[in-house]
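Novice: Dropping a structure here in structure tokens format, bear with me for questions.
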Amino acid sequence: MAAERPRVLSGIQPTAGSFHLGNYLGAVRQWVALQETHDTFYSIVDLHAITVPQDPRALRESSRLAAAQLLGAGLDPARCTLFVQSQVPEHAQLAWVLNCVTGFGEASRMTQFKDKAAKQGAEGTTVGLFTYPVLQAADILLYQADLVPVGEDQRQHIELTRDLAERFNGRFGRAFTVPGPYILKEGAKIYDLQDPSIKMSKSASSPKGIVWLMDDPKTSGKKFRGAVTDTDTVIRYDPETKPGVSNLLTIYSALTGIGVGELEEKFTGRLYGSLKTELGDVFADWVAPFRARVQEYLDDPAELDRLLARGAEKARAIAAGTLADVYEKVGFLPAGAH
Ligand code: ATP
Ligand code: LTN
């Protein structure tokens with residue numbers, strides 16, 4: 001049964017402590033939904049995280065926190081394979097082989113690399129950051145994924161993955177499924193509460209513009225009440241002329257399942273303040289049980305680690321098969337023969 005479902009793989013970096021509302025509504029929530037219809041593999045990509053400096057203790061904590069939040073959000077280890085990338089050594093092994101079929105110029109054209117390298121400066125930029133997209137290709141190709149749910153910013157990396165898969169298949173014989181992107185809908189994009197022209201983001205948002213899921217809901221309530229709107233008074237969904245109000249309506253709708261049209265009706269004749277206050281309450285009601293579930297996982301790190309170890313085992317069962325095929329195809333001698 002499960003084998004007939006299209007296979008999905010996605011990854012998230014364990015870098016910020018808490019996920020923000022954009023991560024949840026734009027990515028994690030879709031991951032949860034896809035468990036029902038697809039054969040899903042989700043990875044906490046700690047090998048990617050160390051392409052920029054990380055404090056070891058903080059990284060370990062962030063990885064557990066990421067796992068706890070994904071589980072708290074509804075990922076179910078019985079229905080998906082949730083694992084930590086570094087616990088499946090095949091990722092690094094396949095990445096090496098793929099590095100050797102990737103052109104230097106090709107990798108140099110990756111815009112995320114160029115942006116991040118510009119921020120880090122030449123001395124701070126590691127070779128790991130340069131080869132980040134190739135590791136991402138390995139993540140995807142190891143599992144023969146059909147679809148890769150990601151935001152628009154990752155489209156170029158998926159294109160590279162497809163190119164590498166086709167090149168390898170053409171040169172050595174078919175080893176990989178060529179994956180397609182599954183770009184998440186625009187509607188799921190959440191904007192900064194202080195500057196609704198930029199997306200809510202851990203690196204670009206000001207502290208007041210970003211809502212962290214693990215924050216005290218009172219703090220988040222204040223941020224919603226202080227959200228930037230406009231000088232008009234009408235509560236109407238219109239991202240062009242009313243980006244702030246529209247963002248609040250999008251969040252309200254996403255958290256409650258109430259359509260935006262219905263919300264416009266509900267708030268007819270009411271002031272922005274009532275929308276902001278009510279949204280703060282809606283968020284608090286939604287986030288309280290989420291935080292309680294996350295806390296339960298964090299309170300039992302041994303069980304969390306066991307759960308991740310089982311996920312890694314399930315992942316390896318697939319990844320090892322692909323890697324063995326690749327090793328054989330490139331001409332490596334069989335290991336363990338005696
Ligand atoms: P950075 O600022 O370092 O780029 P980020 O806050 O944008 O980080 P990522 O770690 O890049 O978050 O993203 C994790 C996932 O969350 C990705 O799938 C991304 O598309 C999604 N995501 C991030 N921010 C938003 C947002 N504001 N709206 C919708 N989805 C988002
Ligand atoms: N680069 C991605 C994270 C990521 C990923 C993956 C996504 C790493 N490996 C494999 C999809 C599939 C990001 O920054 N969102």
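Every chain in the structure tokens has a letter given in the order shown (A, B, ...), and although residue numbers restart at 1 in each chain, ligands are simply numbered from 1 in the order shown.
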Extract, using only C-alpha atoms, all DNA, RNA and protein residues at most 12 Å from A:Val294, discarding same-chain residues fewer than 3 positions from it, and format them as a ChimeraX atom specification.
Specialist: /A:18-19,64-75,213-214,287-291,297-301,304
Novice: List all protein, DNA and RNA residues that have at least one atom no more than 10 Å from any atom of ligand 1, counting only C-alpha atoms and all ligand atoms, and write them as an MDAnalysis selection string.
Specialist: chainID A and resid 10:16 19:31 49 112 116 149:154 183:192 198:205 210
Novice: Could you write those residues out with C-alpha atoms, as an mmCIF file, in the first residue's frame?
Specialist:
```cif
data_model
loop_
_atom_site.group_PDB
_atom_site.id
_atom_site.type_symbol
_atom_site.label_atom_id
_atom_site.label_comp_id
_atom_site.auth_asym_id
_atom_site.auth_seq_id
_atom_site.Cartn_x
_atom_site.Cartn_y
_atom_site.Cartn_z
ATOM 1 C CA SER A 10 12.022 17.351 2.915
ATOM 2 C CA GLY A 11 14.489 18.798 5.379
ATOM 3 C CA ILE A 12 14.677 21.547 7.948
ATOM 4 C CA GLN A 13 17.785 22.972 9.593
ATOM 5 C CA PRO A 14 18.056 22.832 13.373
ATOM 6 C CA THR A 15 19.398 26.342 13.716
ATOM 7 C CA ALA A 16 16.993 28.631 15.581
ATOM 8 C CA PHE A 19 10.285 27.533 14.980
ATOM 9 C CA HIS A 20 8.468 30.716 14.017
ATOM 10 C CA LEU A 21 4.941 31.022 12.729
ATOM 11 C CA GLY A 22 6.190 31.243 9.116
ATOM 12 C CA ASN A 23 8.046 27.929 9.434
ATOM 13 C CA TYR A 24 4.948 26.302 10.854
ATOM 14 C CA LEU A 25 2.307 27.667 8.474
ATOM 15 C CA GLY A 26 4.605 27.621 5.430
ATOM 16 C CA ALA A 27 6.278 24.237 5.857
ATOM 17 C CA VAL A 28 5.654 22.080 8.911
ATOM 18 C CA ARG A 29 1.886 22.104 8.609
ATOM 19 C CA GLN A 30 2.154 20.828 5.027
ATOM 20 C CA TRP A 31 4.539 18.098 6.157
ATOM 21 C CA ALA A 49 23.589 23.413 9.810
ATOM 22 C CA GLN A 112 21.685 31.037 -1.957
ATOM 23 C CA LYS A 116 25.240 33.645 2.189
ATOM 24 C CA PRO A 149 7.991 20.192 -0.662
ATOM 25 C CA VAL A 150 9.943 23.418 -0.222
ATOM 26 C CA GLY A 151 9.500 27.160 -0.432
ATOM 27 C CA GLU A 152 10.120 29.095 -3.627
ATOM 28 C CA ASP A 153 13.659 29.994 -2.471
ATOM 29 C CA GLN A 154 14.691 26.343 -2.854
ATOM 30 C CA ILE A 183 6.360 24.449 -4.213
ATOM 31 C CA LEU A 184 4.075 25.319 -1.376
ATOM 32 C CA LYS A 185 1.240 27.687 -2.143
ATOM 33 C CA GLU A 186 1.733 31.465 -1.930
ATOM 34 C CA GLY A 187 -1.125 31.632 0.567
ATOM 35 C CA ALA A 188 1.095 29.948 3.109
ATOM 36 C CA LYS A 189 3.613 32.777 3.061
ATOM 37 C CA ILE A 190 3.646 34.711 6.323
ATOM 38 C CA TYR A 191 4.989 38.236 6.567
ATOM 39 C CA ASP A 192 6.821 40.140 9.251
ATOM 40 C CA ILE A 198 9.298 41.129 3.950
ATOM 41 C CA LYS A 199 8.648 37.527 4.959
ATOM 42 C CA MET A 200 8.795 36.547 8.605
ATOM 43 C CA SER A 201 12.319 35.178 8.921
ATOM 44 C CA LYS A 202 14.757 34.382 11.672
ATOM 45 C CA SER A 203 17.582 36.236 9.959
ATOM 46 C CA ALA A 204 15.730 39.299 8.628
ATOM 47 C CA SER A 205 12.873 40.035 11.047
ATOM 48 C CA ILE A 210 8.504 37.549 14.423
#
```
Novice: Closest to A:Val148 among A:Ser62, A:Gln136, A:Gln295, A:Gln194, using only C-alpha atoms?
Specialist: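 The shortest atom-to-atom distance to A:Val148 comes from A:Gln136.
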Novice: Residues within 9 Å of A:Ala284, please, as an mmCIF file with C-alpha atoms, in the first residue's frame. Count only C-alpha atoms; anything in the same chain fewer than 3 positions from it doesn't count.
Specialist:
```
data_model
loop_
_atom_site.group_PDB
_atom_site.id
_atom_site.type_symbol
_atom_site.label_atom_id
_atom_site.label_comp_id
_atom_site.auth_asym_id
_atom_site.auth_seq_id
_atom_site.Cartn_x
_atom_site.Cartn_y
_atom_site.Cartn_z
ATOM 1 C CA ASP A 216 5.228 32.757 26.153
ATOM 2 C CA PRO A 217 1.897 33.436 24.342
ATOM 3 C CA LYS A 218 1.637 36.708 26.290
ATOM 4 C CA SER A 220 3.258 36.901 21.152
ATOM 5 C CA GLY A 221 -0.081 38.556 22.039
ATOM 6 C CA LEU A 279 -5.842 37.009 16.806
ATOM 7 C CA GLY A 280 -3.583 37.041 19.867
ATOM 8 C CA ASP A 281 -6.206 34.966 21.698
ATOM 9 C CA VAL A 287 -0.187 27.315 20.761
ATOM 10 C CA ALA A 288 -0.889 26.176 24.339
#
```
Novice: What are the nearest atom pairs, with distances in Å to one decimal, for all residues of stretch 137-211 of chain A that come at most 10 Å from stretch 315-323 of chain A, using only C-alpha atoms, set out by chain and rising residue number as JSON lines?
Specialist:
```
{"residue": "A:Ala138", "atom": "CA", "partner": "A:Ala319", "partner_atom": "CA", "distance": 9.8}
{"residue": "A:Asp139", "atom": "CA", "partner": "A:Ala319", "partner_atom": "CA", "distance": 9.0}
{"residue": "A:Ile140", "atom": "CA", "partner": "A:Ala319", "partner_atom": "CA", "distance": 10.0}
{"residue": "A:Leu141", "atom": "CA", "partner": "A:Thr322", "partner_atom": "CA", "distance": 8.2}
{"residue": "A:Leu142", "atom": "CA", "partner": "A:Ala319", "partner_atom": "CA", "distance": 5.0}
{"residue": "A:Tyr143", "atom": "CA", "partner": "A:Ala319", "partner_atom": "CA", "distance": 5.9}
{"residue": "A:Gln144", "atom": "CA", "partner": "A:Thr322", "partner_atom": "CA", "distance": 8.1}
{"residue": "A:Ala175", "atom": "CA", "partner": "A:Thr322", "partner_atom": "CA", "distance": 7.1}
{"residue": "A:Phe176", "atom": "CA", "partner": "A:Thr322", "partner_atom": "CA", "distance": 7.9}
```
Novice: Taking only C-alpha atoms and all ligand atoms into account, name the residue in A:Gln54, A:Ala78, A:Ile158, A:Glu36 that is nearest to ligand 2.
Specialist: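 Looking only at the distances to ligand 2, the closest residue turns out to be A:Ile158.
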